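Student: File name target25.cif; file contents mmCIF, C-alpha atoms (C1' of nucleotides); full text below.
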data_my_file
loop_
_atom_site.group_PDB
_atom_site.id
_atom_site.type_symbol
_atom_site.label_atom_id
_atom_site.label_comp_id
_atom_site.auth_asym_id
_atom_site.auth_seq_id
_atom_site.Cartn_x
_atom_site.Cartn_y
_atom_site.Cartn_z
ATOM 1 C CA MET A 1 111.472 112.239 19.622
ATOM 2 C CA PRO A 2 108.608 114.262 18.680
ATOM 3 C CA GLU A 3 108.140 117.932 18.224
ATOM 4 C CA LEU A 4 105.184 119.455 16.439
ATOM 5 C CA PRO A 5 106.148 118.287 12.913
ATOM 6 C CA GLU A 6 106.707 114.674 13.943
ATOM 7 C CA VAL A 7 103.415 114.551 15.827
ATOM 8 C CA GLU A 8 101.703 116.065 12.786
ATOM 9 C CA ILE A 9 103.061 113.261 10.594
ATOM 10 C CA VAL A 10 101.889 110.647 13.072
ATOM 11 C CA LYS A 11 98.483 112.320 13.131
ATOM 12 C CA GLN A 12 98.188 112.206 9.379
ATOM 13 C CA SER A 13 99.042 108.537 9.061
ATOM 14 C CA LEU A 14 97.036 107.509 12.106
ATOM 15 C CA SER A 15 94.023 109.404 10.840
ATOM 16 C CA LYS A 16 93.864 107.383 7.614
ATOM 17 C CA LYS A 17 94.017 104.234 9.654
ATOM 18 C CA ILE A 18 91.554 104.667 12.487
ATOM 19 C CA LYS A 19 89.071 107.360 11.524
ATOM 20 C CA ASN A 20 85.485 106.062 11.790
ATOM 21 C CA LYS A 21 86.713 102.756 13.185
ATOM 22 C CA ARG A 22 85.452 101.189 16.383
ATOM 23 C CA VAL A 23 87.797 100.299 19.227
ATOM 24 C CA LYS A 24 87.135 96.641 19.966
ATOM 25 C CA LYS A 25 89.453 95.833 22.799
ATOM 26 C CA ILE A 26 92.176 97.344 24.943
ATOM 27 C CA ILE A 27 94.961 95.476 26.651
ATOM 28 C CA ILE A 28 97.090 97.345 29.157
ATOM 29 C CA LYS A 29 100.429 95.740 29.923
ATOM 30 C CA ASN A 30 101.801 98.643 31.896
ATOM 31 C CA ARG A 31 99.846 101.692 33.032
ATOM 32 C CA ASN A 32 102.838 103.378 34.661
ATOM 33 C CA LEU A 33 103.527 105.960 32.039
ATOM 34 C CA ARG A 34 104.592 109.479 32.920
ATOM 35 C CA PHE A 35 101.217 109.788 34.599
ATOM 36 C CA LYS A 36 99.496 106.623 35.648
ATOM 37 C CA LEU A 37 96.902 105.650 33.065
ATOM 38 C CA ASP A 38 93.372 106.439 34.235
ATOM 39 C CA HIS A 39 91.769 103.278 35.608
ATOM 40 C CA LYS A 40 88.629 104.127 33.600
ATOM 41 C CA PHE A 41 90.565 104.291 30.340
ATOM 42 C CA SER A 42 89.535 100.900 28.968
ATOM 43 C CA ASN A 43 85.893 101.320 29.908
ATOM 44 C CA ILE A 44 85.630 104.678 28.257
ATOM 45 C CA VAL A 45 87.546 104.007 25.064
ATOM 46 C CA GLN A 46 86.483 100.430 24.418
ATOM 47 C CA ASN A 47 83.548 100.188 21.987
ATOM 48 C CA SER A 48 83.734 103.852 21.081
ATOM 49 C CA ILE A 49 84.169 104.997 17.496
ATOM 50 C CA VAL A 50 86.992 107.325 16.474
ATOM 51 C CA GLU A 51 85.262 110.337 14.968
ATOM 52 C CA ASN A 52 88.298 112.390 14.140
ATOM 53 C CA ILE A 53 91.956 113.009 14.920
ATOM 54 C CA TYR A 54 93.527 116.367 15.546
ATOM 55 C CA ARG A 55 96.857 117.612 16.749
ATOM 56 C CA PHE A 56 97.557 120.426 19.120
ATOM 57 C CA SER A 57 101.188 121.202 19.853
ATOM 58 C CA LYS A 58 102.842 117.853 20.580
ATOM 59 C CA TYR A 59 99.554 116.157 21.460
ATOM 60 C CA LEU A 60 97.532 113.787 19.337
ATOM 61 C CA ILE A 61 93.848 114.365 20.022
ATOM 62 C CA ILE A 62 91.453 111.557 19.215
ATOM 63 C CA LYS A 63 87.790 112.521 19.305
ATOM 64 C CA LEU A 64 85.543 109.640 20.278
ATOM 65 C CA ASP A 65 81.806 109.352 19.608
ATOM 66 C CA ASN A 66 81.071 109.278 23.345
ATOM 67 C CA SER A 67 82.127 112.957 23.646
ATOM 68 C CA TYR A 68 85.491 112.104 25.148
ATOM 69 C CA TYR A 69 88.808 113.338 23.791
ATOM 70 C CA TRP A 70 91.687 110.911 24.109
ATOM 71 C CA LEU A 71 95.040 112.711 24.133
ATOM 72 C CA ILE A 72 98.386 111.068 23.486
ATOM 73 C CA HIS A 73 101.702 112.678 24.312
ATOM 74 C CA LEU A 74 104.664 110.690 23.039
ATOM 75 C CA GLY A 75 107.217 112.161 25.438
ATOM 76 C CA MET A 76 110.770 111.490 24.260
ATOM 77 C CA SER A 77 110.460 107.905 23.095
ATOM 78 C CA GLY A 78 106.781 107.097 22.579
ATOM 79 C CA THR A 79 105.831 105.454 19.281
ATOM 80 C CA LEU A 80 102.686 104.021 17.740
ATOM 81 C CA HIS A 81 102.707 100.899 15.627
ATOM 82 C CA VAL A 82 100.017 99.368 13.481
ATOM 83 C CA VAL A 83 99.995 95.587 13.569
ATOM 84 C CA ASP A 84 97.863 93.149 11.607
ATOM 85 C CA LYS A 85 95.635 91.582 14.220
ATOM 86 C CA ASN A 86 95.365 88.068 12.865
ATOM 87 C CA LYS A 87 98.773 87.534 11.377
ATOM 88 C CA GLN A 88 100.549 89.485 14.130
ATOM 89 C CA LYS A 89 102.418 91.013 11.259
ATOM 90 C CA PHE A 90 103.873 94.437 11.465
ATOM 91 C CA LEU A 91 102.193 96.783 9.027
ATOM 92 C CA THR A 92 103.131 100.392 9.500
ATOM 93 C CA ASN A 93 105.376 102.395 11.697
ATOM 94 C CA LEU A 94 103.713 105.605 12.740
ATOM 95 C CA SER A 95 106.819 106.959 14.335
ATOM 96 C CA PHE A 96 110.240 108.245 13.602
ATOM 97 C CA TYR A 97 112.228 107.056 16.544
ATOM 98 C CA GLN A 98 112.548 103.292 16.368
ATOM 99 C CA SER A 99 113.644 101.065 13.547
ATOM 100 C CA PRO A 100 110.784 100.080 11.261
ATOM 101 C CA ASN A 101 110.345 96.796 13.096
ATOM 102 C CA LEU A 102 107.916 96.383 15.958
ATOM 103 C CA PRO A 103 109.952 96.510 19.147
ATOM 104 C CA GLU A 104 109.777 93.496 21.438
ATOM 105 C CA LYS A 105 109.970 95.363 24.717
ATOM 106 C CA HIS A 106 107.924 98.239 26.146
ATOM 107 C CA ASN A 107 104.734 97.588 24.216
ATOM 108 C CA HIS A 108 102.629 99.031 27.027
ATOM 109 C CA ILE A 109 99.172 99.424 25.523
ATOM 110 C CA HIS A 110 97.401 97.510 22.757
ATOM 111 C CA ILE A 111 94.313 99.003 21.158
ATOM 112 C CA SER A 112 92.495 96.551 18.908
ATOM 113 C CA PHE A 113 90.282 97.532 16.021
ATOM 114 C CA ASP A 114 88.503 95.112 13.759
ATOM 115 C CA LYS A 115 91.357 94.065 11.513
ATOM 116 C CA PHE A 116 94.425 95.547 13.133
ATOM 117 C CA LYS A 117 95.713 96.900 16.390
ATOM 118 C CA ILE A 118 97.675 99.934 17.441
ATOM 119 C CA ILE A 119 100.476 99.377 19.918
ATOM 120 C CA TYR A 120 101.855 102.135 22.091
ATOM 121 C CA ASN A 121 105.547 101.562 22.756
ATOM 122 C CA ASP A 122 107.603 103.795 25.016
ATOM 123 C CA PRO A 123 110.931 102.699 26.541
ATOM 124 C CA ARG A 124 111.406 105.743 28.739
ATOM 125 C CA ARG A 125 107.732 106.130 29.630
ATOM 126 C CA PHE A 126 107.837 109.917 29.476
ATOM 127 C CA GLY A 127 104.739 109.815 27.300
ATOM 128 C CA TYR A 128 101.164 109.501 28.542
ATOM 129 C CA PHE A 129 97.487 109.245 27.664
ATOM 130 C CA LEU A 130 94.840 111.632 28.944
ATOM 131 C CA LEU A 131 91.066 111.480 28.742
ATOM 132 C CA LEU A 132 89.094 114.711 28.663
ATOM 133 C CA LYS A 133 85.374 114.418 29.081
ATOM 134 C CA ASN A 134 84.173 116.912 26.474
ATOM 135 C CA LYS A 135 85.012 119.904 24.296
ATOM 136 C CA TYR A 136 84.855 122.247 27.249
ATOM 137 C CA LYS A 137 87.526 120.260 29.087
ATOM 138 C CA LEU A 138 89.626 120.132 25.948
ATOM 139 C CA ASP A 139 89.455 123.890 25.473
ATOM 140 C CA GLU A 140 90.325 124.383 29.106
ATOM 141 C CA PHE A 141 93.329 122.083 28.719
ATOM 142 C CA ILE A 142 94.558 123.859 25.600
ATOM 143 C CA SER A 143 94.143 127.264 27.217
ATOM 144 C CA ASN A 144 97.064 126.417 29.515
ATOM 145 C CA TYR A 145 99.380 126.473 26.525
ATOM 146 C CA GLY A 146 100.816 129.233 24.424
ATOM 147 C CA PRO A 147 99.848 129.582 20.747
ATOM 148 C CA GLU A 148 101.407 127.419 18.089
ATOM 149 C CA PRO A 149 103.828 129.270 15.785
ATOM 150 C CA PHE A 150 101.207 129.133 13.002
ATOM 151 C CA ASN A 151 98.656 130.930 15.154
ATOM 152 C CA LYS A 152 98.135 134.609 14.348
ATOM 153 C CA LYS A 153 98.371 135.292 18.076
ATOM 154 C CA PHE A 154 102.067 134.418 17.792
ATOM 155 C CA ASN A 155 102.989 137.929 16.680
ATOM 156 C CA GLN A 156 105.197 140.871 17.596
ATOM 157 C CA THR A 157 102.713 142.293 20.059
ATOM 158 C CA TYR A 158 102.667 138.968 21.882
ATOM 159 C CA PHE A 159 106.465 138.839 21.947
ATOM 160 C CA LYS A 160 106.712 142.349 23.289
ATOM 161 C CA LYS A 161 104.182 141.688 25.998
ATOM 162 C CA LYS A 162 105.779 138.425 27.087
ATOM 163 C CA LEU A 163 109.492 139.080 26.621
ATOM 164 C CA SER A 164 110.314 142.763 26.818
ATOM 165 C CA ASN A 165 111.437 142.734 30.460
ATOM 166 C CA LYS A 166 112.474 139.115 30.894
ATOM 167 C CA SER A 167 115.949 137.928 31.818
ATOM 168 C CA LYS A 168 115.396 134.351 30.749
ATOM 169 C CA ASN A 169 117.218 133.472 27.539
ATOM 170 C CA ILE A 170 115.322 133.101 24.283
ATOM 171 C CA LYS A 171 116.139 129.417 23.778
ATOM 172 C CA ASN A 172 114.335 128.605 27.013
ATOM 173 C CA TYR A 173 111.343 130.622 25.914
ATOM 174 C CA LEU A 174 111.112 128.701 22.645
ATOM 175 C CA LEU A 175 111.090 125.474 24.658
ATOM 176 C CA ASP A 176 108.533 126.848 27.118
ATOM 177 C CA GLN A 177 105.183 125.441 25.981
ATOM 178 C CA LYS A 178 103.357 128.135 27.914
ATOM 179 C CA PHE A 179 105.016 130.703 25.669
ATOM 180 C CA VAL A 180 104.795 128.852 22.354
ATOM 181 C CA SER A 181 103.454 125.366 21.728
ATOM 182 C CA GLY A 182 105.118 122.685 19.689
ATOM 183 C CA ILE A 183 108.761 123.704 19.443
ATOM 184 C CA GLY A 184 111.299 121.322 20.977
ATOM 185 C CA ASN A 185 115.035 121.141 21.330
ATOM 186 C CA ILE A 186 115.933 120.493 17.696
ATOM 187 C CA TYR A 187 113.779 123.125 16.073
ATOM 188 C CA ALA A 188 114.599 125.732 18.749
ATOM 189 C CA SER A 189 118.260 125.531 17.739
ATOM 190 C CA GLU A 190 117.394 125.601 14.048
ATOM 191 C CA ILE A 191 115.079 128.605 14.386
ATOM 192 C CA LEU A 192 117.622 130.655 16.323
ATOM 193 C CA PHE A 193 120.330 129.832 13.831
ATOM 194 C CA LEU A 194 118.243 131.118 10.930
ATOM 195 C CA ALA A 195 117.290 134.196 12.947
ATOM 196 C CA LYS A 196 120.978 134.757 13.754
ATOM 197 C CA ILE A 197 120.306 135.037 17.453
ATOM 198 C CA ASN A 198 122.441 133.397 20.107
ATOM 199 C CA PRO A 199 120.420 130.921 22.195
ATOM 200 C CA GLU A 200 121.654 132.569 25.384
ATOM 201 C CA ARG A 201 120.475 136.039 24.421
ATOM 202 C CA LYS A 202 118.380 137.511 27.204
ATOM 203 C CA SER A 203 114.837 137.886 25.969
ATOM 204 C CA ALA A 204 114.754 141.532 27.053
ATOM 205 C CA LYS A 205 117.636 142.197 24.655
ATOM 206 C CA LEU A 206 115.621 141.240 21.595
ATOM 207 C CA ASN A 207 114.344 144.016 19.375
ATOM 208 C CA LEU A 208 111.375 144.186 17.029
ATOM 209 C CA SER A 209 113.411 142.890 14.131
ATOM 210 C CA ASP A 210 114.502 139.879 16.193
ATOM 211 C CA TYR A 211 110.878 139.148 17.060
ATOM 212 C CA LYS A 212 110.006 139.237 13.379
ATOM 213 C CA LYS A 213 112.780 136.839 12.475
ATOM 214 C CA ILE A 214 111.928 134.359 15.219
ATOM 215 C CA ILE A 215 108.264 134.381 14.224
ATOM 216 C CA PHE A 216 109.081 134.014 10.541
ATOM 217 C CA PHE A 217 111.603 131.207 10.931
ATOM 218 C CA SER A 218 109.512 129.329 13.485
ATOM 219 C CA LYS A 219 106.773 128.947 10.902
ATOM 220 C CA LYS A 220 109.207 128.284 8.108
ATOM 221 C CA VAL A 221 111.228 125.588 9.890
ATOM 222 C CA LEU A 222 108.189 123.719 11.192
ATOM 223 C CA LYS A 223 106.426 123.854 7.833
ATOM 224 C CA LYS A 224 109.435 122.545 6.001
ATOM 225 C CA ALA A 225 109.907 119.790 8.586
ATOM 226 C CA ILE A 226 106.296 118.684 8.130
ATOM 227 C CA LYS A 227 106.775 118.712 4.373
ATOM 228 C CA LYS A 228 109.847 116.507 4.733
ATOM 229 C CA GLY A 229 108.044 114.058 6.987
ATOM 230 C CA GLY A 230 109.643 115.237 10.223
ATOM 231 C CA SER A 231 113.103 114.427 11.572
ATOM 232 C CA SER A 232 114.328 110.927 12.248
ATOM 233 C CA ILE A 233 117.518 111.254 14.197
ATOM 234 C CA GLN A 234 117.843 107.777 15.633
ATOM 235 C CA ASN A 235 118.112 104.687 13.464
ATOM 236 C CA PHE A 236 117.173 106.680 10.447
ATOM 237 C CA LYS A 237 119.657 104.678 8.449
ATOM 238 C CA ASN A 238 117.158 101.822 8.835
ATOM 239 C CA SER A 239 114.609 103.916 7.071
ATOM 240 C CA ASN A 240 112.098 102.031 4.992
ATOM 241 C CA GLY A 241 111.109 105.146 3.126
ATOM 242 C CA LYS A 242 108.434 106.038 5.634
ATOM 243 C CA THR A 243 110.660 107.877 8.060
ATOM 244 C CA GLY A 244 111.236 111.604 7.901
ATOM 245 C CA SER A 245 114.133 113.300 6.217
ATOM 246 C CA PHE A 246 114.356 116.725 7.801
ATOM 247 C CA GLN A 247 117.527 115.694 9.635
ATOM 248 C CA LYS A 248 119.290 116.115 6.284
ATOM 249 C CA TYR A 249 118.441 119.790 6.465
ATOM 250 C CA PHE A 250 119.701 120.479 9.982
ATOM 251 C CA GLN A 251 121.811 123.612 9.909
ATOM 252 C CA VAL A 252 123.160 123.349 13.453
ATOM 253 C CA TYR A 253 121.551 120.520 15.405
ATOM 254 C CA ASP A 254 124.021 117.689 15.980
ATOM 255 C CA ARG A 255 126.632 119.496 13.888
ATOM 256 C CA GLU A 256 129.104 120.340 16.644
ATOM 257 C CA GLY A 257 132.555 121.132 15.270
ATOM 258 C CA MET A 258 131.344 121.444 11.684
ATOM 259 C CA HIS A 259 131.402 124.559 9.563
ATOM 260 C CA CYS A 260 128.665 127.128 9.793
ATOM 261 C CA LEU A 261 126.433 126.904 6.742
ATOM 262 C CA SER A 262 125.737 130.635 6.547
ATOM 263 C CA LYS A 263 127.132 132.302 3.484
ATOM 264 C CA LYS A 264 130.389 134.114 4.129
ATOM 265 C CA CYS A 265 130.598 132.866 7.728
ATOM 266 C CA ASP A 266 133.733 131.037 8.840
ATOM 267 C CA GLY A 267 132.187 129.990 12.126
ATOM 268 C CA ILE A 268 132.255 126.535 13.653
ATOM 269 C CA ILE A 269 129.124 125.089 15.242
ATOM 270 C CA LYS A 270 129.317 124.965 19.026
ATOM 271 C CA LYS A 271 127.412 122.798 21.440
ATOM 272 C CA LYS A 272 126.508 124.131 24.840
ATOM 273 C CA VAL A 273 124.235 122.803 27.546
ATOM 274 C CA ILE A 274 121.667 125.442 28.442
ATOM 275 C CA SER A 275 119.186 124.502 31.158
ATOM 276 C CA ASN A 276 120.021 120.843 30.839
ATOM 277 C CA ARG A 277 119.409 120.756 27.090
ATOM 278 C CA SER A 278 122.033 120.770 24.374
ATOM 279 C CA SER A 279 122.030 123.841 22.203
ATOM 280 C CA PHE A 280 123.815 124.137 18.889
ATOM 281 C CA TYR A 281 124.779 127.472 17.426
ATOM 282 C CA CYS A 282 127.402 129.359 15.478
ATOM 283 C CA ASN A 283 129.245 131.677 17.812
ATOM 284 C CA ILE A 284 130.218 134.006 14.998
ATOM 285 C CA CYS A 285 126.964 134.702 13.181
ATOM 286 C CA GLN A 286 124.627 134.194 16.137
ATOM 287 C CA LYS A 287 125.378 137.215 18.242
ATOM 288 C CA ILE A 288 124.619 137.285 21.937
ATOM 289 C "C1'" DA B 1 107.594 135.374 41.136
ATOM 290 C "C1'" DA B 2 110.744 134.188 37.795
ATOM 291 C "C1'" DG B 3 114.167 131.229 36.670
ATOM 292 C "C1'" DA B 4 117.594 127.481 37.299
ATOM 293 C "C1'" DG B 5 118.219 122.735 38.034
ATOM 294 C "C1'" DG B 6 116.820 118.069 39.490
ATOM 295 C "C1'" DC B 7 114.435 114.400 38.186
ATOM 296 C "C1'" DC B 8 111.397 110.869 36.003
ATOM 297 C "C1'" DC B 9 113.111 106.321 32.751
ATOM 298 C "C1'" DT B 10 115.608 103.087 29.472
ATOM 299 C "C1'" DG B 11 118.815 102.404 25.815
ATOM 300 C "C1'" DA B 12 122.636 103.542 22.744
ATOM 301 C "C1'" DT B 13 127.137 104.742 22.477
ATOM 302 C "C1'" DA B 14 131.783 106.279 23.846
ATOM 303 C "C1'" DG B 15 135.703 105.688 26.575
ATOM 304 C "C1'" DC B 16 138.558 103.064 29.482
ATOM 305 C "C1'" DT C 1 134.407 91.705 26.655
ATOM 306 C "C1'" DG C 2 132.639 94.376 30.125
ATOM 307 C "C1'" DC C 3 132.319 97.985 33.046
ATOM 308 C "C1'" DT C 4 130.953 103.080 33.854
ATOM 309 C "C1'" DA C 5 129.673 107.561 32.383
ATOM 310 C "C1'" DT C 6 127.182 110.435 29.399
ATOM 311 C "C1'" DC C 7 123.593 111.676 26.566
ATOM 312 C "C1'" DA C 8 118.896 111.494 24.174
ATOM 313 C "C1'" DG C 9 113.705 114.745 20.232
ATOM 314 C "C1'" DG C 10 109.978 116.450 27.076
ATOM 315 C "C1'" DG C 11 108.374 118.778 30.748
ATOM 316 C "C1'" DC C 12 106.820 118.750 35.725
ATOM 317 C "C1'" DC C 13 108.267 119.874 40.317
ATOM 318 C "C1'" DT C 14 111.029 121.995 43.848
ATOM 319 C "C1'" DC C 15 113.974 125.247 45.553
ATOM 320 C "C1'" DT C 16 115.943 129.755 45.768
#
Would you give me this structure, written as C-alpha cells?
Tutor:
Amino acid sequence: MPELPEVEIVKQSLSKKIKNKRVKKIIIKNRNLRFKLDHKFSNIVQNSIVENIYRFSKYLIIKLDNSYYWLIHLGMSGTLHVVDKNKQKFLTNLSFYQSPNLPEKHNHIHISFDKFKIIYNDPRRFGYFLLLKNKYKLDEFISNYGPEPFNKKFNQTYFKKKLSNKSKNIKNYLLDQKFVSGIGNIYASEILFLAKINPERKSAKLNLSDYKKIIFFSKKVLKKAIKKGGSSIQNFKNSNGKTGSFQKYFQVYDREGMHCLSKKCDGIIKKKVISNRSSFYCNICQKI
DNA sequence: AAGAGGCCCTGATAGC
DNA sequence: TGCTATCAGGGCCTCT
C-alpha cells in the first residue's frame, strides 16, 4: 500500500493515539516478517513510553523514552489497527489497504497499552520492524536514503549531479529510494504524467526544465495526496469515511485504456511493465 | 559499476 | 464450482 502520503496519514492518527503512553505488553504471533523480528524487541519496547512519532520516507519512527527508535515499514500490505483492549472491539483503522474491519488472519504482533492495543497485520509480510539504539544510529540509517521531495536538497543541482549521464529511465529513479525517498509506484506515474515525461525516458535525456517539472510535481502530488488522506485503492468502496480519497484524483494510475485527462490531448492511457512494475502513461503527451 | 530481473509472500480477481 | 495464471501500493539480492 503505502507511499509517503499514506504513511504520513498513519503517523498522524497513530500519534494522537499513543504519544506519551506506556507500552504494557507485547505478544508476537509471528516474527517472520521481511526481516526476522529482533529477539530483543519485546524486552526493549515493553514498559517504555512513546515520546514522539515521526515519519521519514515510508517509515514510521517511534521514539521511546529509553533512547531507542522503533521503525515500522509497512511493505506492500502492512496495516496497523487500534483495538479496545477489554471489549476486543475494533476502534480505528490506521491504514488504507484493508476493509475497516479488523482482519482475522495475519495479525502478527500485538502491542498493548493501558486501554487499547495496536495490532500489526501484514498478509504478505513484506513489512518489518527495526530497532535503532539511539539518535546516532537513526541518523546513520537515514543517511542511506535520498532526500524526500520536500527537502531543499531535492533540487536541480542534485538532479544534474545524479542523472546527467545515466542510462536508467526516470521512472526507476523515482522509485529508487537512494535517489529520492518516499515515492512509490502510484505517485511515480502521476508525477511523470503531470511533468509530461515518458516513464521510459533515459535520465540523461532530461533537461533543466524537465528537472524543474519533476521536482515541482513531486511536491505537489504528495502534498495533495496527504491533504486527501492518501490513496485507498483496495476495498475503498468499504470506506467508513476514514480512508483516503486521492484515488479519485489519479490522472493515469489504473486508468489503462481511458482517455488522457490533459487538455487538448486525444491520447489513451497505456500500461506497460517497466522493471517489473506497472507504469501508466499517455503515449501522446508524455514524450520519450 | 550500473542496471535489469528474480524473488520474498498471500490474496483478489480474471479467464477458462 | 473450481482450477490456474496474473497481478498488487516495496525493495533487497544476484547476476551480467
Student: Just need the residues of chain A within 8 Å of chain C, counting all atoms listed in the file, so spit them out as a list in words.
Tutor: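 Close to chain C, chain A has Met1, Pro2, Glu3, Gly75, Met76, Phe126, Gly184, Asn185, Ile186 and Ile233 of chain A.
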Student: Restricting the output to C-alpha atoms, write the selected residues as an mmCIF file, keeping the file's coordinate frame.
Tutor:
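Result file is out_1.cif:
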data_model
loop_
_atom_site.group_PDB
_atom_site.id
_atom_site.type_symbol
_atom_site.label_atom_id
_atom_site.label_comp_id
_atom_site.auth_asym_id
_atom_site.auth_seq_id
_atom_site.Cartn_x
_atom_site.Cartn_y
_atom_site.Cartn_z
ATOM 1 C CA MET A 1 111.472 112.239 19.622
ATOM 2 C CA PRO A 2 108.608 114.262 18.680
ATOM 3 C CA GLU A 3 108.140 117.932 18.224
ATOM 4 C CA GLY A 75 107.217 112.161 25.438
ATOM 5 C CA MET A 76 110.770 111.490 24.260
ATOM 6 C CA PHE A 126 107.837 109.917 29.476
ATOM 7 C CA GLY A 184 111.299 121.322 20.977
ATOM 8 C CA ASN A 185 115.035 121.141 21.330
ATOM 9 C CA ILE A 186 115.933 120.493 17.696
ATOM 10 C CA ILE A 233 117.518 111.254 14.197
#
Student: Distance limit 9 Å, atoms considered: all atoms listed in the file. Which chain A residues sit that close to chain B? Return them as a PyMOL selection string.
Tutor: chain A and resi 34+123-126+166-168+275-276
Student: Produce the centre coordinates and the three edge lengths, each in Å to one decimal, of the box along x, y and z that contains all listed atoms of chain B with 3 Å added on each side, as AutoDock Vina command-line options.
Tutor:
--center_x 123.1 --center_y 118.9 --center_z 31.8 --size_x 37.0 --size_y 39.0 --size_z 24.7
Student: Atom CA of A:Leu74 and atom CA of A:Phe129 are how many Å apart?
Tutor: 8.7 Å
Student: In Å to one decimal, how far is atom CA of A:Thr79 from atom CA of A:Phe179?
Tutor: 26.1 Å
Student: So what do you get for atom CA of A:Asn155 versus atom CA of A:Lys271, distance-wise?
Tutor: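 Value for the atom CA of A:Asn155-atom CA of A:Lys271 distance: 29.1 Å.
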Student: Report the residues retrieved by the PyMOL selection byres ((chain A and resi 211-226) around 8) from the displayed file, expressed as a VMD selection string.
Tutor: chain A and resid 4 to 6 8 to 9 149 to 150 154 to 156 159 187 190 to 192 194 to 195 206 to 210 227 to 231 246
Student: At a cut-off of 7 Å, using all atoms listed in the file, what residues contact A:Asn47? Leave out same-chain residues fewer than 2 positions from it and give the result as a PyMOL selection string.
Tutor: chain A and resi 22-24+45+49
Student: Considering all atoms listed in the file, can you say which of A:Ile288, A:Ser278, A:Lys25, A:His73 comes closest to A:Phe113?
Tutor: A:Lys25
Student: Given only C-alpha atoms as the basis, pick out the residue of A:Ile109, A:Cys282, A:Leu64, A:Leu33 nearest to A:Ile269.
Tutor: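 That would be A:Cys282, the residue with the smallest distance to A:Ile269.
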Student: Mind telling me what the PyMOL selection byres ((chain A and resi 141) around 12) catches here, as a list in words?
Tutor: Phe56, Ser57, Tyr59, Ile61, Tyr69, Leu71, Leu130, Leu131, Leu132, Lys133, Asn134, Lys135, Tyr136, Lys137, Leu138, Asp139, Glu140, Ile142, Ser143, Asn144, Tyr145, Gly146 and Lys178 of chain A
